[in-house]
file entry15.cif (mmCIF, C-alpha atoms)
data_my_file
#
loop_
_atom_site.group_PDB
_atom_site.id
_atom_site.type_symbol
_atom_site.label_atom_id
_atom_site.label_comp_id
_atom_site.auth_asym_id
_atom_site.auth_seq_id
_atom_site.Cartn_x
_atom_site.Cartn_y
_atom_site.Cartn_z
ATOM 1 C CA MET A 6 16.638 -52.179 32.396
ATOM 2 C CA PRO A 7 14.830 -48.946 31.383
ATOM 3 C CA ASN A 8 13.203 -46.955 34.202
ATOM 4 C CA LYS A 9 9.575 -45.800 34.258
ATOM 5 C CA THR A 10 10.455 -42.370 32.876
ATOM 6 C CA GLN A 11 12.251 -43.872 29.846
ATOM 7 C CA SER A 12 9.330 -46.249 29.236
ATOM 8 C CA ALA A 13 6.880 -43.336 29.307
ATOM 9 C CA VAL A 14 9.034 -41.374 26.859
ATOM 10 C CA ASN A 15 9.293 -44.354 24.502
ATOM 11 C CA LEU A 16 5.535 -44.868 24.669
ATOM 12 C CA GLU A 17 4.937 -41.180 23.909
ATOM 13 C CA ASP A 18 7.344 -41.323 20.959
ATOM 14 C CA ARG A 19 5.547 -44.348 19.519
ATOM 15 C CA SER A 20 2.184 -42.661 20.030
ATOM 16 C CA MET A 21 3.349 -39.475 18.286
ATOM 17 C CA GLY A 22 4.806 -41.497 15.419
ATOM 18 C CA GLN A 23 1.574 -43.408 14.999
ATOM 19 C CA HIS A 24 -0.389 -40.130 15.070
ATOM 20 C CA LYS A 25 1.825 -38.687 12.328
ATOM 21 C CA LEU A 26 1.343 -41.809 10.230
ATOM 22 C CA ASP A 27 -2.432 -41.562 10.631
ATOM 23 C CA THR A 28 -2.782 -37.878 9.804
ATOM 24 C CA LEU A 29 -3.344 -38.284 6.063
ATOM 25 C CA TYR A 30 -5.750 -41.138 6.672
ATOM 26 C CA LEU A 31 -7.751 -39.059 9.166
ATOM 27 C CA MET A 32 -7.860 -36.115 6.762
ATOM 28 C CA ARG A 33 -8.963 -38.418 3.953
ATOM 29 C CA LEU A 34 -11.621 -39.926 6.214
ATOM 30 C CA LEU A 35 -13.074 -36.519 7.052
ATOM 31 C CA VAL A 36 -13.099 -35.440 3.408
ATOM 32 C CA CYS A 37 -14.813 -38.661 2.327
ATOM 33 C CA ILE A 38 -17.492 -38.406 5.022
ATOM 34 C CA VAL A 39 -18.288 -34.837 3.992
ATOM 35 C CA ARG A 40 -18.352 -35.572 0.262
ATOM 36 C CA PHE A 41 -20.425 -38.725 0.530
ATOM 37 C CA GLY A 42 -22.612 -37.354 3.322
ATOM 38 C CA SER A 43 -22.550 -40.766 4.961
ATOM 39 C CA PHE A 44 -20.275 -42.733 7.286
ATOM 40 C CA ALA A 45 -21.284 -45.972 5.555
ATOM 41 C CA ARG A 46 -20.472 -44.781 2.026
ATOM 42 C CA ALA A 47 -17.219 -43.172 3.151
ATOM 43 C CA ALA A 48 -16.218 -46.379 4.933
ATOM 44 C CA GLU A 49 -17.013 -48.455 1.852
ATOM 45 C CA HIS A 50 -14.903 -46.109 -0.297
ATOM 46 C CA LEU A 51 -11.948 -46.405 2.112
ATOM 47 C CA GLY A 52 -12.320 -50.154 2.608
ATOM 48 C CA ILE A 53 -13.108 -49.996 6.331
ATOM 49 C CA THR A 54 -16.177 -50.669 8.459
ATOM 50 C CA PRO A 55 -18.657 -47.901 9.362
ATOM 51 C CA SER A 56 -17.938 -48.468 13.062
ATOM 52 C CA LYS A 57 -14.206 -47.891 12.476
ATOM 53 C CA ALA A 58 -14.966 -44.744 10.471
ATOM 54 C CA SER A 59 -17.094 -43.394 13.320
ATOM 55 C CA LYS A 60 -14.502 -44.348 15.951
ATOM 56 C CA ASP A 61 -11.620 -42.803 13.984
ATOM 57 C CA LEU A 62 -13.510 -39.549 13.429
ATOM 58 C CA ARG A 63 -14.152 -39.319 17.181
ATOM 59 C CA TYR A 64 -10.398 -39.836 17.681
ATOM 60 C CA LEU A 65 -9.710 -36.960 15.262
ATOM 61 C CA GLU A 66 -12.161 -34.707 17.109
ATOM 62 C CA GLN A 67 -10.574 -35.599 20.452
ATOM 63 C CA SER A 68 -7.097 -34.938 19.037
ATOM 64 C CA LEU A 69 -8.166 -31.508 17.787
ATOM 65 C CA GLY A 70 -10.218 -30.770 20.881
ATOM 66 C CA THR A 71 -13.332 -29.771 18.951
ATOM 67 C CA VAL A 72 -16.471 -31.203 17.372
ATOM 68 C CA LEU A 73 -16.238 -31.349 13.573
ATOM 69 C CA LEU A 74 -19.611 -32.873 12.648
ATOM 70 C CA ASN A 75 -23.049 -32.550 14.136
ATOM 71 C CA ARG A 76 -24.710 -35.926 13.677
ATOM 72 C CA THR A 77 -28.484 -36.334 13.420
ATOM 73 C CA THR A 78 -30.605 -39.240 12.261
ATOM 74 C CA ARG A 79 -31.140 -37.545 8.897
ATOM 75 C CA ARG A 80 -27.962 -35.702 7.990
ATOM 76 C CA LEU A 81 -24.410 -34.765 8.854
ATOM 77 C CA GLN A 82 -23.559 -31.094 9.200
ATOM 78 C CA LEU A 83 -20.139 -29.498 9.574
ATOM 79 C CA THR A 84 -19.559 -27.203 12.514
ATOM 80 C CA ASP A 85 -17.620 -23.976 11.941
ATOM 81 C CA ALA A 86 -14.469 -25.735 13.129
ATOM 82 C CA GLY A 87 -15.365 -28.701 10.913
ATOM 83 C CA GLU A 88 -15.722 -26.453 7.856
ATOM 84 C CA LEU A 89 -12.255 -24.982 8.466
ATOM 85 C CA THR A 90 -10.732 -28.421 9.083
ATOM 86 C CA TYR A 91 -12.408 -29.862 5.973
ATOM 87 C CA ARG A 92 -10.994 -27.115 3.730
ATOM 88 C CA GLN A 93 -7.515 -27.513 5.205
ATOM 89 C CA ALA A 94 -7.724 -31.309 4.919
ATOM 90 C CA ASP A 95 -8.725 -31.074 1.261
ATOM 91 C CA GLN A 96 -5.742 -28.802 0.577
ATOM 92 C CA MET A 97 -3.443 -31.135 2.500
ATOM 93 C CA LEU A 98 -4.524 -34.126 0.401
ATOM 94 C CA ALA A 99 -4.110 -32.128 -2.810
ATOM 95 C CA LEU A 100 -0.579 -31.076 -1.804
ATOM 96 C CA HIS A 101 0.259 -34.663 -0.946
ATOM 97 C CA GLU A 102 -0.899 -35.814 -4.397
ATOM 98 C CA GLN A 103 1.095 -33.037 -6.059
ATOM 99 C CA LEU A 104 4.202 -34.056 -4.100
ATOM 100 C CA LEU A 105 3.858 -37.671 -5.229
ATOM 101 C CA ASP A 106 3.163 -36.609 -8.806
ATOM 102 C CA GLY A 107 6.194 -34.324 -8.775
ATOM 103 C CA LEU A 108 8.457 -37.100 -7.546
ATOM 104 C CA GLN A 109 7.048 -39.441 -10.190
ATOM 105 C CA ASN A 110 7.644 -36.833 -12.869
ATOM 106 C CA ARG A 111 11.256 -36.429 -11.750
ATOM 107 C CA ARG A 112 11.709 -40.159 -12.229
ATOM 108 C CA GLU A 113 10.201 -39.744 -15.714
ATOM 109 C CA SER A 114 7.944 -42.666 -15.011
ATOM 110 C CA LEU A 115 4.294 -41.824 -14.540
ATOM 111 C CA SER A 116 2.378 -43.955 -12.082
ATOM 112 C CA GLY A 117 -0.685 -43.736 -9.920
ATOM 113 C CA GLU A 118 -4.399 -43.858 -10.602
ATOM 114 C CA LEU A 119 -6.469 -41.835 -13.063
ATOM 115 C CA ARG A 120 -10.214 -41.734 -12.491
ATOM 116 C CA ILE A 121 -11.956 -40.664 -15.705
ATOM 117 C CA THR A 122 -15.525 -40.161 -16.871
ATOM 118 C CA ALA A 123 -16.769 -39.551 -20.407
ATOM 119 C CA PRO A 124 -20.037 -39.754 -22.391
ATOM 120 C CA MET A 125 -20.836 -43.351 -23.224
ATOM 121 C CA LEU A 126 -20.669 -43.324 -27.031
ATOM 122 C CA TRP A 127 -17.741 -40.900 -27.385
ATOM 123 C CA GLY A 128 -15.875 -42.760 -24.673
ATOM 124 C CA GLU A 129 -16.334 -46.143 -26.328
ATOM 125 C CA VAL A 130 -15.566 -45.011 -29.886
ATOM 126 C CA MET A 131 -13.000 -42.238 -29.480
ATOM 127 C CA LEU A 132 -11.473 -42.382 -26.018
ATOM 128 C CA THR A 133 -10.984 -46.119 -25.478
ATOM 129 C CA PRO A 134 -8.255 -46.510 -28.161
ATOM 130 C CA LEU A 135 -6.404 -43.557 -26.604
ATOM 131 C CA LEU A 136 -6.683 -45.006 -23.102
ATOM 132 C CA LEU A 137 -5.214 -48.301 -24.271
ATOM 133 C CA LYS A 138 -2.374 -46.512 -26.072
ATOM 134 C CA PHE A 139 -1.654 -44.371 -23.009
ATOM 135 C CA ARG A 140 -1.581 -47.477 -20.838
ATOM 136 C CA GLN A 141 0.898 -49.144 -23.196
ATOM 137 C CA GLN A 142 3.200 -46.142 -22.859
ATOM 138 C CA HIS A 143 2.757 -45.872 -19.085
ATOM 139 C CA PRO A 144 2.164 -49.374 -17.682
ATOM 140 C CA SER A 145 2.405 -48.156 -14.074
ATOM 141 C CA VAL A 146 -0.686 -45.977 -14.455
ATOM 142 C CA ARG A 147 -4.008 -47.461 -13.350
ATOM 143 C CA LEU A 148 -7.029 -46.272 -15.346
ATOM 144 C CA VAL A 149 -10.499 -46.379 -13.810
ATOM 145 C CA THR A 150 -13.043 -45.176 -16.358
ATOM 146 C CA ASP A 151 -16.796 -44.678 -16.241
ATOM 147 C CA PHE A 152 -18.556 -44.206 -19.572
ATOM 148 C CA SER A 153 -21.867 -42.668 -18.609
ATOM 149 C CA ASN A 154 -24.149 -39.864 -19.769
ATOM 150 C CA ARG A 155 -24.986 -38.836 -16.222
ATOM 151 C CA THR A 156 -23.404 -35.684 -14.828
ATOM 152 C CA SER A 157 -20.765 -36.381 -12.190
ATOM 153 C CA ASP A 158 -19.500 -34.187 -9.381
ATOM 154 C CA LEU A 159 -15.719 -34.234 -9.761
ATOM 155 C CA LEU A 160 -15.028 -33.440 -6.103
ATOM 156 C CA ARG A 161 -17.651 -35.701 -4.558
ATOM 157 C CA ASP A 162 -16.820 -38.639 -6.839
ATOM 158 C CA ASN A 163 -13.049 -38.046 -6.668
ATOM 159 C CA ILE A 164 -12.752 -37.858 -10.461
ATOM 160 C CA HIS A 165 -9.503 -36.599 -11.965
ATOM 161 C CA VAL A 166 -10.738 -35.794 -15.502
ATOM 162 C CA ALA A 167 -14.238 -35.527 -16.956
ATOM 163 C CA PHE A 168 -14.662 -35.335 -20.727
ATOM 164 C CA ARG A 169 -17.827 -33.530 -21.732
ATOM 165 C CA SER A 170 -19.453 -31.994 -24.768
ATOM 166 C CA THR A 171 -20.564 -28.813 -23.092
ATOM 167 C CA GLU A 172 -20.810 -25.038 -22.959
ATOM 168 C CA LEU A 173 -18.071 -23.660 -20.722
ATOM 169 C CA ASN A 174 -20.256 -21.013 -19.116
ATOM 170 C CA ARG A 175 -22.236 -23.816 -17.489
ATOM 171 C CA GLU A 176 -19.260 -25.561 -15.903
ATOM 172 C CA PRO A 177 -17.652 -24.656 -12.532
ATOM 173 C CA TYR A 178 -14.389 -26.440 -13.398
ATOM 174 C CA LEU A 179 -11.115 -25.718 -15.152
ATOM 175 C CA ALA A 180 -11.265 -26.818 -18.793
ATOM 176 C CA ARG A 181 -9.064 -27.559 -21.795
ATOM 177 C CA PHE A 182 -10.396 -27.852 -25.325
ATOM 178 C CA ILE A 183 -10.149 -31.357 -26.797
ATOM 179 C CA ALA A 184 -12.008 -31.370 -30.121
ATOM 180 C CA ARG A 185 -15.097 -30.189 -31.935
ATOM 181 C CA ASP A 186 -18.156 -32.370 -31.388
ATOM 182 C CA GLU A 187 -19.458 -32.106 -34.938
ATOM 183 C CA MET A 188 -22.808 -33.543 -35.936
ATOM 184 C CA VAL A 189 -23.853 -34.613 -39.422
ATOM 185 C CA LEU A 190 -27.229 -35.041 -41.093
ATOM 186 C CA CYS A 191 -26.859 -38.292 -42.959
ATOM 187 C CA ALA A 192 -28.469 -41.324 -44.562
ATOM 188 C CA SER A 193 -27.284 -44.545 -46.104
ATOM 189 C CA LYS A 194 -26.453 -44.585 -49.787
ATOM 190 C CA ALA A 195 -29.088 -47.306 -50.198
ATOM 191 C CA TYR A 196 -31.807 -45.055 -48.735
ATOM 192 C CA MET A 197 -30.885 -42.098 -50.955
ATOM 193 C CA SER A 198 -30.312 -44.152 -54.130
ATOM 194 C CA ASP A 199 -33.879 -43.727 -55.457
ATOM 195 C CA LYS A 200 -34.469 -40.229 -54.033
ATOM 196 C CA SER A 201 -33.552 -36.810 -55.336
ATOM 197 C CA ALA A 202 -31.068 -34.671 -53.420
ATOM 198 C CA LEU A 203 -32.528 -32.341 -50.813
ATOM 199 C CA CYS A 204 -32.105 -28.587 -51.307
ATOM 200 C CA ARG A 205 -33.921 -27.070 -48.331
ATOM 201 C CA PRO A 206 -34.488 -28.214 -44.720
ATOM 202 C CA GLU A 207 -38.266 -28.100 -45.237
ATOM 203 C CA GLU A 208 -37.946 -31.057 -47.598
ATOM 204 C CA LEU A 209 -36.898 -33.281 -44.670
ATOM 205 C CA HIS A 210 -40.567 -33.681 -43.759
ATOM 206 C CA GLN A 211 -41.058 -35.621 -46.997
ATOM 207 C CA HIS A 212 -38.578 -38.285 -45.841
ATOM 208 C CA SER A 213 -38.391 -41.000 -43.216
ATOM 209 C CA LEU A 214 -36.613 -39.556 -40.213
ATOM 210 C CA ILE A 215 -34.942 -41.262 -37.265
ATOM 211 C CA SER A 216 -35.169 -39.154 -34.147
ATOM 212 C CA ARG A 217 -33.919 -39.379 -30.587
ATOM 213 C CA CYS A 218 -36.737 -39.970 -28.150
ATOM 214 C CA THR A 219 -37.177 -38.684 -24.619
ATOM 215 C CA ASP A 220 -39.836 -40.135 -22.333
ATOM 216 C CA TYR A 221 -41.193 -42.230 -25.223
ATOM 217 C CA SER A 222 -41.847 -39.199 -27.440
ATOM 218 C CA ARG A 223 -40.751 -39.448 -31.056
ATOM 219 C CA HIS A 224 -40.739 -35.659 -31.375
ATOM 220 C CA GLU A 225 -37.390 -33.904 -31.362
ATOM 221 C CA ARG A 226 -36.133 -30.405 -32.166
ATOM 222 C CA TRP A 227 -33.304 -30.347 -34.694
ATOM 223 C CA THR A 228 -31.090 -27.253 -34.895
ATOM 224 C CA LEU A 229 -29.471 -26.649 -38.290
ATOM 225 C CA MET A 230 -27.077 -23.817 -39.085
ATOM 226 C CA ASP A 231 -28.061 -21.503 -41.935
ATOM 227 C CA LYS A 232 -25.124 -19.167 -42.674
ATOM 228 C CA GLY A 233 -24.328 -18.784 -39.000
ATOM 229 C CA LYS A 234 -27.945 -18.555 -37.863
ATOM 230 C CA GLU A 235 -29.813 -21.262 -36.029
ATOM 231 C CA LEU A 236 -32.747 -22.842 -37.833
ATOM 232 C CA HIS A 237 -35.008 -24.885 -35.542
ATOM 233 C CA MET A 238 -37.103 -27.739 -36.874
ATOM 234 C CA ASP A 239 -39.566 -29.872 -34.958
ATOM 235 C CA VAL A 240 -39.470 -33.386 -36.369
ATOM 236 C CA ALA A 241 -41.224 -36.643 -35.578
ATOM 237 C CA GLY A 242 -39.299 -39.761 -36.476
ATOM 238 C CA GLU A 243 -40.893 -42.848 -37.942
ATOM 239 C CA LEU A 244 -38.303 -44.515 -35.750
ATOM 240 C CA ALA A 245 -37.205 -43.019 -32.423
ATOM 241 C CA PHE A 246 -34.534 -44.332 -30.054
ATOM 242 C CA SER A 247 -33.085 -43.117 -26.780
ATOM 243 C CA HIS A 248 -29.514 -44.104 -27.737
ATOM 244 C CA LYS A 249 -27.361 -42.952 -30.641
ATOM 245 C CA GLN A 250 -26.056 -46.459 -31.321
ATOM 246 C CA ALA A 251 -29.593 -47.604 -32.174
ATOM 247 C CA ILE A 252 -30.123 -44.542 -34.386
ATOM 248 C CA TYR A 253 -26.820 -45.323 -36.091
ATOM 249 C CA ALA A 254 -27.850 -48.942 -36.765
ATOM 250 C CA ALA A 255 -31.224 -47.894 -38.212
ATOM 251 C CA MET A 256 -29.574 -45.282 -40.447
ATOM 252 C CA GLN A 257 -27.005 -47.814 -41.696
ATOM 253 C CA GLN A 258 -29.771 -50.224 -42.663
ATOM 254 C CA GLY A 259 -31.544 -47.611 -44.768
ATOM 255 C CA PHE A 260 -34.494 -46.708 -42.543
ATOM 256 C CA GLY A 261 -34.108 -42.951 -43.014
ATOM 257 C CA ILE A 262 -32.227 -39.726 -42.289
ATOM 258 C CA ALA A 263 -30.660 -39.065 -38.884
ATOM 259 C CA ILE A 264 -28.404 -36.657 -37.027
ATOM 260 C CA LEU A 265 -25.306 -38.424 -35.704
ATOM 261 C CA PRO A 266 -21.827 -37.505 -34.427
ATOM 262 C CA ARG A 267 -19.420 -37.165 -37.319
ATOM 263 C CA TYR A 268 -16.833 -39.343 -35.546
ATOM 264 C CA LEU A 269 -19.336 -42.201 -35.593
ATOM 265 C CA VAL A 270 -19.914 -42.151 -39.373
ATOM 266 C CA ALA A 271 -16.553 -40.782 -40.551
ATOM 267 C CA ASP A 272 -15.393 -44.080 -42.083
ATOM 268 C CA GLU A 273 -18.722 -44.669 -43.892
ATOM 269 C CA LEU A 274 -18.733 -41.098 -45.237
ATOM 270 C CA GLN A 275 -15.237 -41.603 -46.631
ATOM 271 C CA ALA A 276 -16.175 -44.977 -48.110
ATOM 272 C CA GLY A 277 -19.363 -43.574 -49.641
ATOM 273 C CA THR A 278 -21.749 -46.027 -47.964
ATOM 274 C CA VAL A 279 -23.223 -43.113 -45.996
ATOM 275 C CA VAL A 280 -23.905 -39.717 -47.552
ATOM 276 C CA GLU A 281 -24.258 -36.292 -45.982
ATOM 277 C CA VAL A 282 -27.667 -34.679 -46.418
ATOM 278 C CA LEU A 283 -28.051 -30.901 -46.778
ATOM 279 C CA PRO A 284 -24.324 -30.131 -46.322
ATOM 280 C CA ASP A 285 -25.101 -26.391 -46.457
ATOM 281 C CA PHE A 286 -27.341 -26.747 -43.396
ATOM 282 C CA ARG A 287 -25.233 -28.717 -40.947
ATOM 283 C CA PRO A 288 -26.546 -29.554 -37.463
ATOM 284 C CA LYS A 289 -25.315 -27.399 -34.628
ATOM 285 C CA GLY A 290 -22.404 -29.007 -32.820
ATOM 286 C CA ALA A 291 -20.565 -28.330 -29.584
ATOM 287 C CA SER A 292 -17.050 -28.791 -28.215
ATOM 288 C CA PHE A 293 -15.450 -31.520 -26.133
ATOM 289 C CA TYR A 294 -13.480 -30.344 -23.121
ATOM 290 C CA ALA A 295 -11.410 -32.054 -20.464
ATOM 291 C CA LEU A 296 -12.698 -30.751 -17.125
ATOM 292 C CA TYR A 297 -10.757 -30.951 -13.885
ATOM 293 C CA THR A 298 -10.650 -29.211 -10.536
ATOM 294 C CA GLN A 299 -8.197 -26.669 -9.197
ATOM 295 C CA ARG A 300 -6.687 -29.308 -6.911
ATOM 296 C CA ARG A 301 -5.750 -31.372 -10.014
ATOM 297 C CA ALA A 302 -4.290 -28.412 -11.913
ATOM 298 C CA GLU A 303 -0.710 -29.072 -10.783
ATOM 299 C CA SER A 304 -0.879 -32.854 -11.124
ATOM 300 C CA ALA A 305 1.826 -34.098 -13.480
ATOM 301 C CA LEU A 306 -0.176 -37.236 -14.286
ATOM 302 C CA VAL A 307 -3.377 -35.331 -15.115
ATOM 303 C CA THR A 308 -1.502 -32.739 -17.182
ATOM 304 C CA HIS A 309 0.440 -35.363 -19.116
ATOM 305 C CA PHE A 310 -2.705 -37.397 -19.789
ATOM 306 C CA ILE A 311 -4.684 -34.413 -21.093
ATOM 307 C CA ASP A 312 -1.718 -33.334 -23.256
ATOM 308 C CA PHE A 313 -1.604 -36.856 -24.672
ATOM 309 C CA VAL A 314 -5.343 -36.882 -25.527
ATOM 310 C CA ILE A 315 -5.156 -33.434 -27.173
ATOM 311 C CA ALA A 316 -2.166 -34.473 -29.301
ATOM 312 C CA GLU A 317 -3.811 -37.734 -30.369
ATOM 313 C CA MET A 318 -7.109 -36.037 -31.248
ATOM 314 C CA ALA A 319 -5.284 -33.369 -33.259
ATOM 315 C CA ALA A 320 -3.347 -36.067 -35.149
ATOM 316 C CA ARG A 321 -6.592 -37.908 -35.955
ATOM 317 C CA ALA A 322 -8.248 -34.706 -37.177
ATOM 318 C CA ALA A 323 -5.281 -33.968 -39.434
ATOM 319 C CA PHE A 324 -5.427 -37.534 -40.806
ATOM 320 C CA ASP A 325 -9.176 -37.298 -41.495
ATOM 321 C CA ALA A 326 -8.722 -33.974 -43.271
ATOM 322 C CA ALA A 327 -5.915 -35.277 -45.479
#
call {"tool": "encode", "arguments": {"input": "entry15.cif", "output": "structure tokens"}}
result
Amino acid sequence: MPNKTQSAVNLEDRSMGQHKLDTLYLMRLLVCIVRFGSFARAAEHLGITPSKASKDLRYLEQSLGTVLLNRTTRRLQLTDAGELTYRQADQMLALHEQLLDGLQNRRESLSGELRITAPMLWGEVMLTPLLLKFRQQHPSVRLVTDFSNRTSDLLRDNIHVAFRSTELNREPYLARFIARDEMVLCASKAYMSDKSALCRPEELHQHSLISRCTDYSRHERWTLMDKGKELHMDVAGELAFSHKQAIYAAMQQGFGIAILPRYLVADELQAGTVVEVLPDFRPKGASFYALYTQRRAESALVTHFIDFVIAEMAARAAFDAA
């Protein structure tokens, strides 16, 4: 029969083992509370109750012997020790993810979860087929995707990859070029059938235009490129919609001239049912990038996924140009 000393040692061993098992969870809990700014939202994200989240954070503070968060009725604020612990916890979680990714890569079988965000229209039309193809090739990967035009915080929302049509100097993230986001001034063949071809941008005012509205205004500024220089035009559409899909539908049905993403009308342009207007004065475009944080930079899953999207987009561009 074990004596009291042996029982105490066994109890201490079990306690230390449990503490080691809980370390990643406690670090993840702290990071979630800070990012969400709320015990309730952090608890919901982790699948626990708010009371457990509060109790477990107190346990972490007691274990470290310091207060990490100052709690008031209105906000949570990190102490100096909390700021240091939060940064170290974030790095610890990133290293843990990299370790798992590295082991998965060695097995040559990608698995895990990818959290992705992309603009609604581009995501539905261009990205969805690639996501389904990637999933077929890597059935152990879980894809959680949000198609939305709102701007997301990659760290706060725990997003692995954000696809955006953007200017890089405005983004605080690492980025890889995906494709050109080309726009085209176009109309249906039916609309243009009884009209003469346009030669100058000023002639657009003589036509029915379909604009994109903001706050119920049908006025929009179009930017056309004239030999490398920007030409700005203020237009007022006879039809104005807040979403490109509605503009696309109105253009298809012959209601007028619109500016739309080239990827959306590529098939109709090739078939001749939609025609490009003023091809010498094309609308200003942008570039699509895959954005990710420094903590994701060494992730085998993220890197492989972005490589896959770049290769597929390049293959599509080559096919369209052929």
call {"tool": "residues_around", "arguments": {"input": "entry15.cif", "residues": "Ala271 in chain A", "least_positions_apart": "2", "cutoff": "12 Å", "atoms": "all atoms listed in the file", "output": "VMD selection string"}}
result
chain A and resid 130 to 131 187 to 189 191 265 to 269 273 to 281 321 to 322 324 to 326
call {"tool": "resolve_selection", "arguments": {"input": "entry15.cif", "expression": "the PyMOL selection byres ((chain A and resi 255) around 12)", "output": "VMD selection string"}}
result
chain A and resid 191 to 193 196 213 to 217 242 to 246 248 to 254 256 to 265
call {"tool": "resolve_selection", "arguments": {"input": "entry15.cif", "expression": "the PyMOL selection byres ((chain A and resi 38) around 12)", "output": "mmCIF file with C-alpha atoms, in the coordinates of the input"}}
result
data_model
loop_
_atom_site.group_PDB
_atom_site.id
_atom_site.type_symbol
_atom_site.label_atom_id
_atom_site.label_comp_id
_atom_site.auth_asym_id
_atom_site.auth_seq_id
_atom_site.Cartn_x
_atom_site.Cartn_y
_atom_site.Cartn_z
ATOM 1 C CA LEU A 31 -7.751 -39.059 9.166
ATOM 2 C CA MET A 32 -7.860 -36.115 6.762
ATOM 3 C CA ARG A 33 -8.963 -38.418 3.953
ATOM 4 C CA LEU A 34 -11.621 -39.926 6.214
ATOM 5 C CA LEU A 35 -13.074 -36.519 7.052
ATOM 6 C CA VAL A 36 -13.099 -35.440 3.408
ATOM 7 C CA CYS A 37 -14.813 -38.661 2.327
ATOM 8 C CA VAL A 39 -18.288 -34.837 3.992
ATOM 9 C CA ARG A 40 -18.352 -35.572 0.262
ATOM 10 C CA PHE A 41 -20.425 -38.725 0.530
ATOM 11 C CA GLY A 42 -22.612 -37.354 3.322
ATOM 12 C CA SER A 43 -22.550 -40.766 4.961
ATOM 13 C CA PHE A 44 -20.275 -42.733 7.286
ATOM 14 C CA ALA A 45 -21.284 -45.972 5.555
ATOM 15 C CA ARG A 46 -20.472 -44.781 2.026
ATOM 16 C CA ALA A 47 -17.219 -43.172 3.151
ATOM 17 C CA ALA A 48 -16.218 -46.379 4.933
ATOM 18 C CA GLU A 49 -17.013 -48.455 1.852
ATOM 19 C CA HIS A 50 -14.903 -46.109 -0.297
ATOM 20 C CA LEU A 51 -11.948 -46.405 2.112
ATOM 21 C CA PRO A 55 -18.657 -47.901 9.362
ATOM 22 C CA ALA A 58 -14.966 -44.744 10.471
ATOM 23 C CA SER A 59 -17.094 -43.394 13.320
ATOM 24 C CA ASP A 61 -11.620 -42.803 13.984
ATOM 25 C CA LEU A 62 -13.510 -39.549 13.429
ATOM 26 C CA LEU A 73 -16.238 -31.349 13.573
ATOM 27 C CA LEU A 74 -19.611 -32.873 12.648
ATOM 28 C CA ARG A 76 -24.710 -35.926 13.677
ATOM 29 C CA ARG A 80 -27.962 -35.702 7.990
ATOM 30 C CA LEU A 81 -24.410 -34.765 8.854
ATOM 31 C CA GLN A 82 -23.559 -31.094 9.200
ATOM 32 C CA LEU A 83 -20.139 -29.498 9.574
ATOM 33 C CA GLY A 87 -15.365 -28.701 10.913
ATOM 34 C CA TYR A 91 -12.408 -29.862 5.973
ATOM 35 C CA ARG A 161 -17.651 -35.701 -4.558
ATOM 36 C CA ASP A 162 -16.820 -38.639 -6.839
#
call {"tool": "closest_residue", "arguments": {"input": "entry15.cif", "among": "A:Gln141, A:Ser170, A:Ser157, A:Gln67", "to": "Leu126 in chain A", "atoms": "all atoms listed in the file"}}
result
A:Ser170
call {"tool": "residues_near_point", "arguments": {"input": "entry15.cif", "point": "(-6.1, -39.6, -28.3)", "cutoff": "10 Å", "atoms": "only C-alpha atoms", "output": "list in words"}}
result
Met131, Leu132, Thr133, Pro134, Leu135, Leu136, Leu137, Lys138, Phe139, Ile183, Phe310, Ile311, Asp312, Phe313, Val314, Ile315, Ala316, Glu317, Met318, Ala319, Ala320 and Arg321 of chain A
call {"tool": "resolve_selection", "arguments": {"input": "entry15.cif", "expression": "the PyMOL selection byres ((chain A and resi 178) around 8)", "output": "list in words"}}
result
Glu176, Pro177, Leu179, Ala180, Leu296, Tyr297, Thr298 and Gln299 of chain A
